[in-house]
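First up is the structure itself, then whatever we jot down about it.
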Amino acid sequence: MKFIYQMWWKVLAVVLILSTLITGLLLPVPRLPILHETIRNLYFHVPMWMGMLSVFVISVYFSIKYLNTGKEEYDLAAVECVNTGLLFYSIGLVTGMLWAKYTWGQFWSGDPKQNSAAIAFLLYCAYLVLRNSIDEEQKRGKISAIYNIFAFPIMVVLIFVLPRMTDSLHPGNGGNPAFGKYDLDSRMKIAFYPAMAGWSLLAIWIATIRYRIRLIENKRNSVD
């Protein structure tokens with residue numbers, strides 16, 4: 001847990017995100033049909049999902065640690081990673097809806113990828129509802145940890161597997177080629193890969209801040 005107090009990776013996150021904002025908005029992009037300038041959303045929409053996945057994976061790790069040790073700090077780390085993941089999940093959905101409006105003609109078209117993402121989002125919202133419905137601390141931690149461990153692979157199937165098995169407008173699903181298949185300008189990678197790393201680090205950073213706040217609140221409550 002000492003990693004969360006180190007500064008170097010936080011500085012790196014800021015540098016990567018700033019570089020993404022500069023290169024992503026200023027560097028030229030390919031003039032593809034329908035997409036046009038909206039392709040710049042690739043630097044923000046996709047990294048939101050990567051940030052979400054990063055903290056969700058960490059939340060599963062801490063859920064497993066909690067089941068093995070019963071330490072409350074692991075339970076708190078897991079739930080704050082989920083809370084942060086849902087934040088990035090929400091931004092990912094919104095940026096995707098905006099992109100869909102300008103490329104597919106409407107914010108929500110009932111595309112399999114959109115529907116699956118919405119179901120997976122509700123799956124994690126149910127995790128928070130479940131936690132808040134249980135008063136006993138250890139029981140809440142164990143049940144929510146088990147739920148979290150099983151929710152993650154279901155989410156992966158809903159978002160990354162099922163949409164590939166049916167017709168979809170979304171790139172990389174239902175026979176529709178992913179962006180890597182297009183003849184994209186290689187300069188896009190200068191913004192895209194730092195964006196993936198930067199937003200993921202930012203998600204982890206936010207989760208650590210939330211976790212430290214929860215620790216302080218718990219200590220204050222125990223003193224009172």
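Residues in the structure tokens are numbered from 1 in each chain, the chains being A, B, ... in the order shown, and ligands are numbered from 1 in the order shown.
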
* Residues of range 20-172 of chain A in helix (DSSP H, G or I) according to DSSP, as a ChimeraX atom specification? -> /A:20-26,36-69,72-103,112-132,137-165

Considering only C-alpha atoms, give me a table of residues in range 64-139 of chain A that are at most 8 Å from range 38-59 of chain A, with the closest atom pair and distance in Å for each, as a tab-separated table.
```
residue	atom	partner	partner_atom	distance
A:Ala77	CA	A:Ser59	CA	6.9
A:Ala78	CA	A:Ser59	CA	4.1
A:Val79	CA	A:Ser59	CA	6.8
A:Glu80	CA	A:Ser59	CA	7.9
A:Cys81	CA	A:Val55	CA	5.2
A:Val82	CA	A:Phe56	CA	5.9
A:Thr84	CA	A:Val55	CA	7.1
A:Gly85	CA	A:Met52	CA	4.4
A:Leu86	CA	A:Met52	CA	7.0
A:Leu87	CA	A:Met52	CA	7.9
A:Phe88	CA	A:Met52	CA	5.3
A:Tyr89	CA	A:Met52	CA	5.8
A:Ile91	CA	A:Met48	CA	6.7
A:Gly92	CA	A:Met48	CA	5.1
A:Thr95	CA	A:His45	CA	5.5
A:Gly96	CA	A:His45	CA	6.2
A:Trp99	CA	A:Thr38	CA	6.8
A:Tyr102	CA	A:Thr38	CA	7.5
```

* For CA of Ile213 in chain A and CA of Ile134 in chain A, determine how far apart the two atoms are, in Å to one decimal place. => 21.4 Å

* Structure fact -> Between A:Asn148, A:Gln106, A:Asn218, A:Gln6, smallest distance to Tyr127 in chain A by only C-alpha atoms belongs to A:Asn148

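Taking CA of Tyr147 in chain A and CA of Leu130 in chain A as endpoints, the distance between them is 9.0 Å.
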
* Would you mind listing what lies within 6 Å of range 111-126 of chain A as a ChimeraX atom specification, with only C-alpha atoms counted and same-chain residues fewer than 2 positions away left out? => /A:109,128-130,155,158-159,163

Write out, as an mmCIF file, in the first residue's frame, the residues just selected, with N, CA and C atoms.
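The resulting file, result34.cif, is shown below:
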```cif
data_model
loop_
_atom_site.group_PDB
_atom_site.id
_atom_site.type_symbol
_atom_site.label_atom_id
_atom_site.label_comp_id
_atom_site.auth_asym_id
_atom_site.auth_seq_id
_atom_site.Cartn_x
_atom_site.Cartn_y
_atom_site.Cartn_z
ATOM 1 N N SER A 109 -28.980 4.347 -29.748
ATOM 2 C CA SER A 109 -29.613 3.684 -30.886
ATOM 3 C C SER A 109 -29.994 2.240 -30.592
ATOM 4 N N LEU A 128 -23.347 -1.399 -5.065
ATOM 5 C CA LEU A 128 -23.397 -0.341 -4.056
ATOM 6 C C LEU A 128 -24.697 -0.393 -3.263
ATOM 7 N N VAL A 129 -25.803 -0.714 -3.949
ATOM 8 C CA VAL A 129 -27.082 -0.852 -3.252
ATOM 9 C C VAL A 129 -27.016 -1.997 -2.252
ATOM 10 N N LEU A 130 -26.397 -3.096 -2.670
ATOM 11 C CA LEU A 130 -26.250 -4.251 -1.788
ATOM 12 C C LEU A 130 -25.457 -3.887 -0.544
ATOM 13 N N MET A 155 -19.235 -8.475 -16.290
ATOM 14 C CA MET A 155 -19.083 -7.202 -16.980
ATOM 15 C C MET A 155 -18.220 -7.352 -18.230
ATOM 16 N N LEU A 158 -20.251 -9.004 -20.919
ATOM 17 C CA LEU A 158 -21.281 -8.108 -21.456
ATOM 18 C C LEU A 158 -20.696 -7.056 -22.395
ATOM 19 N N ILE A 159 -19.542 -6.517 -22.053
ATOM 20 C CA ILE A 159 -18.985 -5.412 -22.831
ATOM 21 C C ILE A 159 -18.096 -5.881 -23.979
ATOM 22 N N PRO A 163 -21.212 -8.366 -27.529
ATOM 23 C CA PRO A 163 -21.406 -7.503 -28.708
ATOM 24 C C PRO A 163 -20.699 -7.999 -29.961
#
```

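One finds CA of Ile4 in chain A at 17.3 Å from CA of Glu72 in chain A.
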
* **Polymer residues at most 6 Å from Thr23 in chain A, only C-alpha atoms, same-chain spacing of 4 or more positions, as a VMD selection string** => chain A and resid 19 27 191
